[in-house]
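Student: Sharing a structure, written as structure tokens. Questions coming.
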Amino acid sequence: MATGMEPSDVIRLIMQYLKENNLYRTLTTLQEETTVSLNTVESIDSFIADIKSGHWDSVLLAIESLKLPDNTLIDLYEQVVMELIEMREVGAARSLLTQTDPMIMLKQTQPERYIHLHNLLTCSYFDPCEAYPNGSSKEKRRRAIAEALVREVSVVPPSRLMGLLEQVGSMRIQQYPDHLSPDTTIDTSGNKDRQMEKESFPTQLYRHIKFGRRSHVECARFSPDGKYLITGSVDGFIEVWNFNTGKISKDVKYQAQDSFMMMDDAVLCMCFSQDTDLLATGAQNGKIKVWKVQSGLCLRRFEHAHNKGVTCLSFSKDNDQFLSASFNQTIRIHELRSGKTLKELNSHTSFVNDAFFTQDGFHIISASSDGTVKIWNTTSCQCIHTFKSLSRTSDDPVNNVIPLPQNPEHFVICNHSNTVVIMSMNGQTVKTFSSERKEKADFVCCTLSPRGEWIYCVGEDLVLYCFNYTTGRLQKTLTVHEKDVIGIAHHPHENLIATYSEDGLLRLWKP
């Protein structure tokens, strides 16, 4: 059976694959060199809904790879600028008005319309009648823009390229069954779980990224999809890295233009939503921002989340809410859509160093410098259990509490001692792991391998301790830095660990 395809259709399939995998620089280059455009969106209904609801960050991200008429782009950007002015996001409005191609084109071709926008921007108040004259309104403008954009786009089922390759692979297997060995497996699903390496502890330095001591990393996380490493620094910068090259990722369009996510104080913590779409960051001054990672746009600001530094963040399973913990001894739950703080959990007597929602969403587990781990009822916000972990003294600060991947009823407790404890939800000690070093080797941070087969702790002695969960043995020790270690992070499905230190280095380790 022969299947005929136009060359342009093949190019569009490749373009769609690039878009689905966020390879926007490659996509842009391919469009420029071939003059073929990919005017597709994942869902026209969702696209229209985003426009009519004013979810402009999603809309602008969706049109990044589209070729649209100049007038349509001008109408769209004009509306975004006006709504930013209405929300008093003056800085963002000014950037769009003065730096984007559609607005520069508007200034050149329709100067009166541009001046109208500029006057709205510089005015100390926003008057809808002045912004939308002649019986127009924000809702009418949104509907008109939606109608214009929908005429330019189409929907293509996701993963068409991979589906076609699977079909070709199946046909080849049927035609040439003897050419494949019994051990050969063909996996074109893109399923990360199938591609997971056998878990193994690190033995060697793979890469390092130099920040400098005055801009050292305070927090770092790999994205859940495994594509990026993101760091938050003491100077407020939030940067997306290609961890294979040790360079700033230029696949993220705003970074390719030397623009970065940023906070106005040291970034102490961060967390991703499970779909990698959102990143929450918390600062030394108690502020929190929630970002769209791919566009770099700030989706929500929580200016008064805490009155002291934010130590930990965690999204709920549905990403509608997230919790934050702080040096002010509290845990707070925030709603993303409304931007409001909903609840406060208040029972710890010292810094809250770590906290997370349990898998079922019914509980929050927290760890504090008061030496306790607490379990809270998410609905009532009442503390239902308080545990002190097994250590030399019951008052050792608890650095981390981490759910065990292979058993959601168990969690790992790393406190300021030479011992790590696995504890159950009812307070029973399940396992203990000890470095057995007595002097200046207390643990400062901890992480787990993706399937929980390895527990990694870093001590005050700058040594990484690698514990085998099954055997309980200390399998490997490795000196990782020359100055105090601040934190550690594990890749979601590769044997790759990041450590970062006051020496201004982030180091990546592999087996």
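Labels for the structure tokens follow display order: chains A, B, ..., residues from 1 in each chain, ligands from 1.
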Set the distance at 10 Å and use only C-alpha atoms: which residues neighbour Trp376 (chain A) once local chain neighbours fewer than 3 positions away are removed? I'd like the list as a short mmCIF file (atom, residue, chain, number, x, y, z; two decimals) with C-alpha atoms, in the first residue's frame.

Tutor:
```
data_model
loop_
_atom_site.label_atom_id
_atom_site.label_comp_id
_atom_site.auth_asym_id
_atom_site.auth_seq_id
_atom_site.Cartn_x
_atom_site.Cartn_y
_atom_site.Cartn_z
CA LEU A 345 -1.93 26.27 59.49
CA SER A 347 1.12 25.12 65.29
CA PHE A 357 0.18 17.74 50.04
CA PHE A 362 -6.56 14.99 52.31
CA HIS A 363 -3.49 15.85 54.37
CA ILE A 364 -0.44 18.11 54.53
CA ILE A 365 2.79 16.88 56.09
CA SER A 366 5.25 19.47 57.38
CA THR A 379 -10.13 20.69 55.14
CA SER A 380 -10.17 21.67 58.81
CA CYS A 381 -6.53 22.89 58.93
CA GLN A 382 -6.21 21.14 62.28
CA CYS A 383 -3.00 19.34 63.26
CA ILE A 384 -4.01 15.71 63.80
CA HIS A 385 -0.58 14.18 64.58
CA THR A 386 2.76 15.48 65.83
#
```

Student: Quick one: residues within 7 Å of region 478-486 of chain A, only C-alpha atoms counted, chain neighbours fewer than 4 positions away excluded, as a compact mmCIF listing (two decimals) with C-alpha atoms, in the first residue's frame?

Tutor:
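That gives us selection23.txt:
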```
# COMPACT_ATOMS: atom_id res chain seq x y z
CA GLU A 218 19.46 29.08 46.71
CA GLU A 460 27.91 19.33 56.88
CA LEU A 462 30.27 18.35 52.20
CA VAL A 463 29.86 14.62 51.50
CA LEU A 464 27.00 13.01 49.56
CA TYR A 465 25.80 9.81 51.29
CA TYR A 500 24.50 23.58 44.82
CA SER A 501 26.61 25.38 47.34
CA GLU A 502 27.79 28.67 48.81
CA ASP A 503 30.91 28.24 46.68
```

Student: State, in Å with one decimal place, the distance from CA of Val420 (chain A) to CA of Val398 (chain A).

Tutor: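 Between CA of Val420 (chain A) and CA of Val398 (chain A) the gap works out to 10.1 Å.
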
Student: Have a look at CA of Asp275 (chain A) and CA of His304 (chain A) and let me know their distance in Å, one decimal.

Tutor: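 Taking CA of Asp275 (chain A) as the start and CA of His304 (chain A) as the end point, the length is 26.5 Å.
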
Student: Rounded to one decimal in Å, what is the spacing between CA of Gln284 (chain A) and CA of Gly504 (chain A)?

Tutor: 18.4 Å

Student: Quick one: everything within 12 Å of Val217 (chain A), counting only C-alpha atoms, minus sequence neighbours fewer than 4 positions away in the same chain. Send it as a PyMOL selection string.

Tutor: chain A and resi 209-213+221+230-239+266-270+485-488+498-507
